[in-house]
>>> print(open('upload_28.pdb').read())   # PDB, C-alpha atoms
ATOM      1  CA  MET X   1      76.240   3.937  22.393  1.00  0.00           C
ATOM      2  CA  SER X   2      77.297   7.501  21.721  1.00  0.00           C
ATOM      3  CA  ASN X   3      80.908   8.600  21.844  1.00  0.00           C
ATOM      4  CA  TYR X   4      80.021  11.121  24.562  1.00  0.00           C
ATOM      5  CA  PHE X   5      78.449   8.420  26.743  1.00  0.00           C
ATOM      6  CA  GLN X   6      81.445   6.116  26.239  1.00  0.00           C
ATOM      7  CA  ARG X   7      83.806   8.875  27.388  1.00  0.00           C
ATOM      8  CA  ARG X   8      81.680   9.489  30.505  1.00  0.00           C
ATOM      9  CA  VAL X   9      81.722   5.776  31.366  1.00  0.00           C
ATOM     10  CA  ALA X  10      85.484   5.653  30.766  1.00  0.00           C
ATOM     11  CA  SER X  11      85.989   8.642  33.079  1.00  0.00           C
ATOM     12  CA  PHE X  12      84.425   6.657  35.937  1.00  0.00           C
ATOM     13  CA  GLY X  13      86.874   3.870  35.191  1.00  0.00           C
ATOM     14  CA  TYR X  14      89.792   6.305  35.417  1.00  0.00           C
ATOM     15  CA  ALA X  15      88.479   7.645  38.714  1.00  0.00           C
ATOM     16  CA  PHE X  16      88.145   4.167  40.228  1.00  0.00           C
ATOM     17  CA  THR X  17      91.617   3.288  38.949  1.00  0.00           C
ATOM     18  CA  GLY X  18      92.915   6.391  40.735  1.00  0.00           C
ATOM     19  CA  ILE X  19      91.227   5.423  43.993  1.00  0.00           C
ATOM     20  CA  PHE X  20      92.546   1.852  43.854  1.00  0.00           C
ATOM     21  CA  SER X  21      96.041   3.054  42.945  1.00  0.00           C
ATOM     22  CA  PHE X  22      95.938   5.499  45.850  1.00  0.00           C
ATOM     23  CA  VAL X  23      94.945   2.822  48.362  1.00  0.00           C
ATOM     24  CA  LYS X  24      97.478   0.352  46.972  1.00  0.00           C
ATOM     25  CA  SER X  25     100.426   2.757  46.976  1.00  0.00           C
ATOM     26  CA  GLU X  26      99.881   4.976  50.021  1.00  0.00           C
ATOM     27  CA  PRO X  27     100.222   3.651  53.594  1.00  0.00           C
ATOM     28  CA  HIS X  28      98.051   6.457  54.997  1.00  0.00           C
ATOM     29  CA  ALA X  29      95.273   5.476  52.601  1.00  0.00           C
ATOM     30  CA  ARG X  30      95.241   2.005  54.086  1.00  0.00           C
ATOM     31  CA  ILE X  31      95.050   3.508  57.586  1.00  0.00           C
ATOM     32  CA  HIS X  32      92.079   5.609  56.448  1.00  0.00           C
ATOM     33  CA  ALA X  33      90.497   2.503  54.915  1.00  0.00           C
ATOM     34  CA  VAL X  34      90.727   0.649  58.230  1.00  0.00           C
ATOM     35  CA  ALA X  35      89.376   3.673  60.107  1.00  0.00           C
ATOM     36  CA  THR X  36      86.506   3.934  57.622  1.00  0.00           C
ATOM     37  CA  VAL X  37      85.590   0.273  58.126  1.00  0.00           C
ATOM     38  CA  VAL X  38      85.739   0.717  61.926  1.00  0.00           C
ATOM     39  CA  VAL X  39      83.506   3.809  61.805  1.00  0.00           C
ATOM     40  CA  ILE X  40      80.979   2.110  59.517  1.00  0.00           C
ATOM     41  CA  ALA X  41      80.938  -0.993  61.732  1.00  0.00           C
ATOM     42  CA  ALA X  42      80.472   1.146  64.860  1.00  0.00           C
ATOM     43  CA  GLY X  43      77.687   3.115  63.192  1.00  0.00           C
ATOM     44  CA  CYS X  44      75.900  -0.118  62.307  1.00  0.00           C
ATOM     45  CA  TRP X  45      76.521  -1.652  65.739  1.00  0.00           C
ATOM     46  CA  PHE X  46      75.172   1.368  67.624  1.00  0.00           C
ATOM     47  CA  HIS X  47      72.348   2.071  65.125  1.00  0.00           C
ATOM     48  CA  VAL X  48      73.234   5.740  64.758  1.00  0.00           C
ATOM     49  CA  SER X  49      70.597   8.064  63.379  1.00  0.00           C
ATOM     50  CA  LYS X  50      70.355   9.183  59.748  1.00  0.00           C
ATOM     51  CA  GLN X  51      71.606  12.619  60.759  1.00  0.00           C
ATOM     52  CA  ASP X  52      74.618  11.072  62.513  1.00  0.00           C
ATOM     53  CA  TRP X  53      75.322   8.971  59.420  1.00  0.00           C
ATOM     54  CA  LEU X  54      75.396  12.150  57.343  1.00  0.00           C
ATOM     55  CA  TRP X  55      77.951  13.700  59.717  1.00  0.00           C
ATOM     56  CA  LEU X  56      80.064  10.536  59.717  1.00  0.00           C
ATOM     57  CA  ILE X  57      79.983  10.276  55.920  1.00  0.00           C
ATOM     58  CA  TRP X  58      80.889  13.959  55.633  1.00  0.00           C
ATOM     59  CA  ALA X  59      83.803  13.585  58.078  1.00  0.00           C
ATOM     60  CA  MET X  60      85.153  10.436  56.419  1.00  0.00           C
ATOM     61  CA  SER X  61      84.835  12.006  52.974  1.00  0.00           C
ATOM     62  CA  ILE X  62      86.732  15.132  53.983  1.00  0.00           C
ATOM     63  CA  VAL X  63      89.598  13.024  55.357  1.00  0.00           C
ATOM     64  CA  TRP X  64      89.755  10.896  52.196  1.00  0.00           C
ATOM     65  CA  ILE X  65      89.598  13.940  49.926  1.00  0.00           C
ATOM     66  CA  THR X  66      92.282  15.866  51.785  1.00  0.00           C
ATOM     67  CA  GLU X  67      94.567  12.819  51.941  1.00  0.00           C
ATOM     68  CA  MET X  68      94.154  12.229  48.212  1.00  0.00           C
ATOM     69  CA  MET X  69      94.818  15.882  47.412  1.00  0.00           C
ATOM     70  CA  ASN X  70      97.832  15.868  49.735  1.00  0.00           C
ATOM     71  CA  THR X  71      99.215  12.866  47.852  1.00  0.00           C
ATOM     72  CA  VAL X  72      98.671  14.583  44.507  1.00  0.00           C
ATOM     73  CA  ILE X  73     100.385  17.749  45.735  1.00  0.00           C
ATOM     74  CA  GLU X  74     103.336  15.787  47.131  1.00  0.00           C
ATOM     75  CA  LYS X  75     103.761  13.772  43.917  1.00  0.00           C
ATOM     76  CA  MET X  76     103.551  16.917  41.772  1.00  0.00           C
ATOM     77  CA  MET X  77     106.080  18.764  43.900  1.00  0.00           C
ATOM     78  CA  ASP X  78     108.457  15.787  43.883  1.00  0.00           C
ATOM     79  CA  HIS X  79     108.154  15.620  40.105  1.00  0.00           C
ATOM     80  CA  LEU X  80     108.540  19.341  39.481  1.00  0.00           C
ATOM     81  CA  SER X  81     111.279  19.918  42.034  1.00  0.00           C
ATOM     82  CA  PRO X  82     113.204  16.748  42.967  1.00  0.00           C
ATOM     83  CA  ALA X  83     115.758  18.839  44.874  1.00  0.00           C
ATOM     84  CA  ILE X  84     114.922  20.094  48.347  1.00  0.00           C
ATOM     85  CA  HIS X  85     113.520  23.612  48.142  1.00  0.00           C
ATOM     86  CA  PRO X  86     112.030  25.751  50.957  1.00  0.00           C
ATOM     87  CA  THR X  87     108.933  26.667  48.959  1.00  0.00           C
ATOM     88  CA  VAL X  88     108.252  23.033  48.042  1.00  0.00           C
ATOM     89  CA  LYS X  89     108.663  22.074  51.706  1.00  0.00           C
ATOM     90  CA  PHE X  90     106.166  24.782  52.679  1.00  0.00           C
ATOM     91  CA  ILE X  91     103.639  23.567  50.072  1.00  0.00           C
ATOM     92  CA  LYS X  92     103.964  19.945  51.167  1.00  0.00           C
ATOM     93  CA  ASP X  93     103.772  20.832  54.874  1.00  0.00           C
ATOM     94  CA  VAL X  94     100.618  22.914  54.394  1.00  0.00           C
ATOM     95  CA  ALA X  95      98.992  20.113  52.384  1.00  0.00           C
ATOM     96  CA  ALA X  96      99.857  17.634  55.154  1.00  0.00           C
ATOM     97  CA  GLY X  97      98.478  20.098  57.684  1.00  0.00           C
ATOM     98  CA  ALA X  98      95.156  20.132  55.834  1.00  0.00           C
ATOM     99  CA  VAL X  99      94.922  16.370  56.300  1.00  0.00           C
ATOM    100  CA  LEU X 100      95.673  16.738  59.992  1.00  0.00           C
ATOM    101  CA  VAL X 101      92.943  19.360  60.413  1.00  0.00           C
ATOM    102  CA  ALA X 102      90.466  17.085  58.593  1.00  0.00           C
ATOM    103  CA  ALA X 103      91.481  14.087  60.702  1.00  0.00           C
ATOM    104  CA  PHE X 104      91.078  16.049  63.951  1.00  0.00           C
ATOM    105  CA  ALA X 105      87.674  17.306  62.830  1.00  0.00           C
ATOM    106  CA  ALA X 106      86.625  13.764  61.921  1.00  0.00           C
ATOM    107  CA  ALA X 107      87.849  12.423  65.261  1.00  0.00           C
ATOM    108  CA  ILE X 108      85.886  15.102  67.122  1.00  0.00           C
ATOM    109  CA  THR X 109      82.798  14.351  65.012  1.00  0.00           C
ATOM    110  CA  GLY X 110      83.145  10.648  65.804  1.00  0.00           C
ATOM    111  CA  ALA X 111      83.649  11.342  69.501  1.00  0.00           C
ATOM    112  CA  VAL X 112      80.550  13.544  69.680  1.00  0.00           C
ATOM    113  CA  ILE X 113      78.449  10.899  67.915  1.00  0.00           C
ATOM    114  CA  PHE X 114      79.776   7.760  69.623  1.00  0.00           C
ATOM    115  CA  TRP X 115      80.422   9.105  73.137  1.00  0.00           C
ATOM    116  CA  PRO X 116      76.816   8.648  74.342  1.00  0.00           C
ATOM    117  CA  PHE X 117      76.755   5.068  73.045  1.00  0.00           C
ATOM    118  CA  ILE X 118      80.052   4.103  74.669  1.00  0.00           C
ATOM    119  CA  PHE X 119      79.795   5.964  77.993  1.00  0.00           C
ATOM    120  CA  ARG X 120      76.165   5.719  79.023  1.00  0.00           C
TER     121      ARG X 120
END
>>> encode(input="upload_28.pdb", output="structure tokens")
Amino acid sequence: MSNYFQRRVASFGYAFTGIFSFVKSEPHARIHAVATVVVIAAGCWFHVSKQDWLWLIWAMSIVWITEMMNTVIEKMMDHLSPAIHPTVKFIKDVAAGAVLVAAFAAAITGAVIFWPFIFR
């Protein structure tokens, strides 16, 4: 096995370690995990279309990505500036706001997809 290939395989290991560490250490990640399981179960239960699955996967992915990036930004800011600073507060608040926007968009996506199944 080439050295290049070994490094690529190892990089996947690092990525999965990061995901598992994120879920283990962050309460919001566990909330997103539960929500993800609920959405997948509902999609299976209601037999949503392939197109709807794509929208659901996109929405869930955006929430996970923004929450992970928010966590990284918060940890970096806490490390770089342990003292309270207005600029750090602004950075952390904007990052948290990005998660909120993603979560609202995902909730609206879910409502549009599941509404006809629930209220017919």
>>> residues_around(input="upload_28.pdb", residues="segment 46-59 of chain X", least_positions_apart="4", cutoff="12 Å", atoms="all atoms listed in the file", output="ChimeraX atom specification")
/X:32,35-42,63-66,99,101-118
>>> atom_distance(input="upload_28.pdb", atom1="atom CA of Ala33 of chain X", atom2="atom CA of Asn70 of chain X")
16.1 Å
>>> residues_near_point(input="upload_28.pdb", point="(99.7, 8.9, 47.5)", cutoff="6 Å", atoms="all atoms listed in the file", output="ChimeraX atom specification")
/X:22,26,71
>>> write_last_selection(input="upload_28.pdb", atoms="C-alpha atoms", output="compact mmCIF listing (two decimals), keeping the file's coordinate frame")
# COMPACT_ATOMS: atom_id res chain seq x y z
CA PHE X 22 95.94 5.50 45.85
CA GLU X 26 99.88 4.98 50.02
CA THR X 71 99.22 12.87 47.85
>>> axis_aligned_box(input="upload_28.pdb", around="segment 54-69 of chain X", padding_each_side="8 Å", output="lines of an AutoDock Vina configuration file")
center_x = 85.1
center_y = 13.1
center_z = 53.6
size_x = 35.4
size_y = 21.6
size_z = 28.3
>>> closest_residue(input="upload_28.pdb", among="X:Ile62, X:Met68, X:Ala96, X:Cys44", to="Phe20 of chain X", atoms="all atoms listed in the file")
X:Met68
>>> atom_distance(input="upload_28.pdb", atom1="atom CA of Asp78 of chain X", atom2="atom CA of Val94 of chain X")
14.9 Å
>>> resolve_selection(input="upload_28.pdb", expression="the PyMOL selection byres ((chain X and resi 92) around 8)", output="ChimeraX atom specification")
/X:70,73-74,77,88-91,93-96
>>> decode(input="upload_28.pdb", residues="segment 25-43 of chain X", atoms="N, CA and C atoms", output="short mmCIF file (atom, residue, chain, number, x, y, z; two decimals), in the first residue's frame")
data_model
loop_
_atom_site.label_atom_id
_atom_site.label_comp_id
_atom_site.auth_asym_id
_atom_site.auth_seq_id
_atom_site.Cartn_x
_atom_site.Cartn_y
_atom_site.Cartn_z
N SER X 25 -19.14 15.30 22.90
CA SER X 25 -18.84 16.45 23.77
C SER X 25 -19.86 17.58 23.71
N GLU X 26 -20.67 17.64 22.67
CA GLU X 26 -21.55 18.79 22.48
C GLU X 26 -23.02 18.41 22.63
N PRO X 27 -23.71 19.01 23.62
CA PRO X 27 -25.14 18.69 23.82
C PRO X 27 -26.00 18.98 22.59
N HIS X 28 -25.71 20.07 21.87
CA HIS X 28 -26.51 20.37 20.68
C HIS X 28 -26.32 19.30 19.60
N ALA X 29 -25.16 18.70 19.55
CA ALA X 29 -24.93 17.64 18.56
C ALA X 29 -25.84 16.45 18.85
N ARG X 30 -26.03 16.16 20.11
CA ARG X 30 -26.91 15.04 20.46
C ARG X 30 -28.37 15.37 20.14
N ILE X 31 -28.75 16.64 20.30
CA ILE X 31 -30.10 17.06 19.89
C ILE X 31 -30.26 16.89 18.38
N HIS X 32 -29.24 17.30 17.63
CA HIS X 32 -29.29 17.15 16.17
C HIS X 32 -29.32 15.66 15.78
N ALA X 33 -28.62 14.84 16.54
CA ALA X 33 -28.63 13.40 16.25
C ALA X 33 -30.04 12.83 16.42
N VAL X 34 -30.70 13.21 17.50
CA VAL X 34 -32.07 12.74 17.73
C VAL X 34 -32.99 13.25 16.62
N ALA X 35 -32.86 14.53 16.29
CA ALA X 35 -33.69 15.10 15.23
C ALA X 35 -33.45 14.38 13.90
N THR X 36 -32.20 14.06 13.62
CA THR X 36 -31.86 13.35 12.39
C THR X 36 -32.52 11.98 12.35
N VAL X 37 -32.47 11.26 13.46
CA VAL X 37 -33.10 9.94 13.53
C VAL X 37 -34.62 10.07 13.34
N VAL X 38 -35.22 11.08 13.96
CA VAL X 38 -36.67 11.30 13.82
C VAL X 38 -37.04 11.60 12.37
N VAL X 39 -36.26 12.46 11.72
CA VAL X 39 -36.54 12.82 10.32
C VAL X 39 -36.38 11.59 9.41
N ILE X 40 -35.33 10.82 9.62
CA ILE X 40 -35.13 9.62 8.80
C ILE X 40 -36.26 8.62 9.02
N ALA X 41 -36.65 8.43 10.28
CA ALA X 41 -37.76 7.51 10.58
C ALA X 41 -39.05 8.00 9.93
N ALA X 42 -39.33 9.31 10.02
CA ALA X 42 -40.54 9.85 9.41
C ALA X 42 -40.50 9.70 7.89
N GLY X 43 -39.34 9.94 7.30
CA GLY X 43 -39.21 9.78 5.85
C GLY X 43 -39.48 8.35 5.42
#
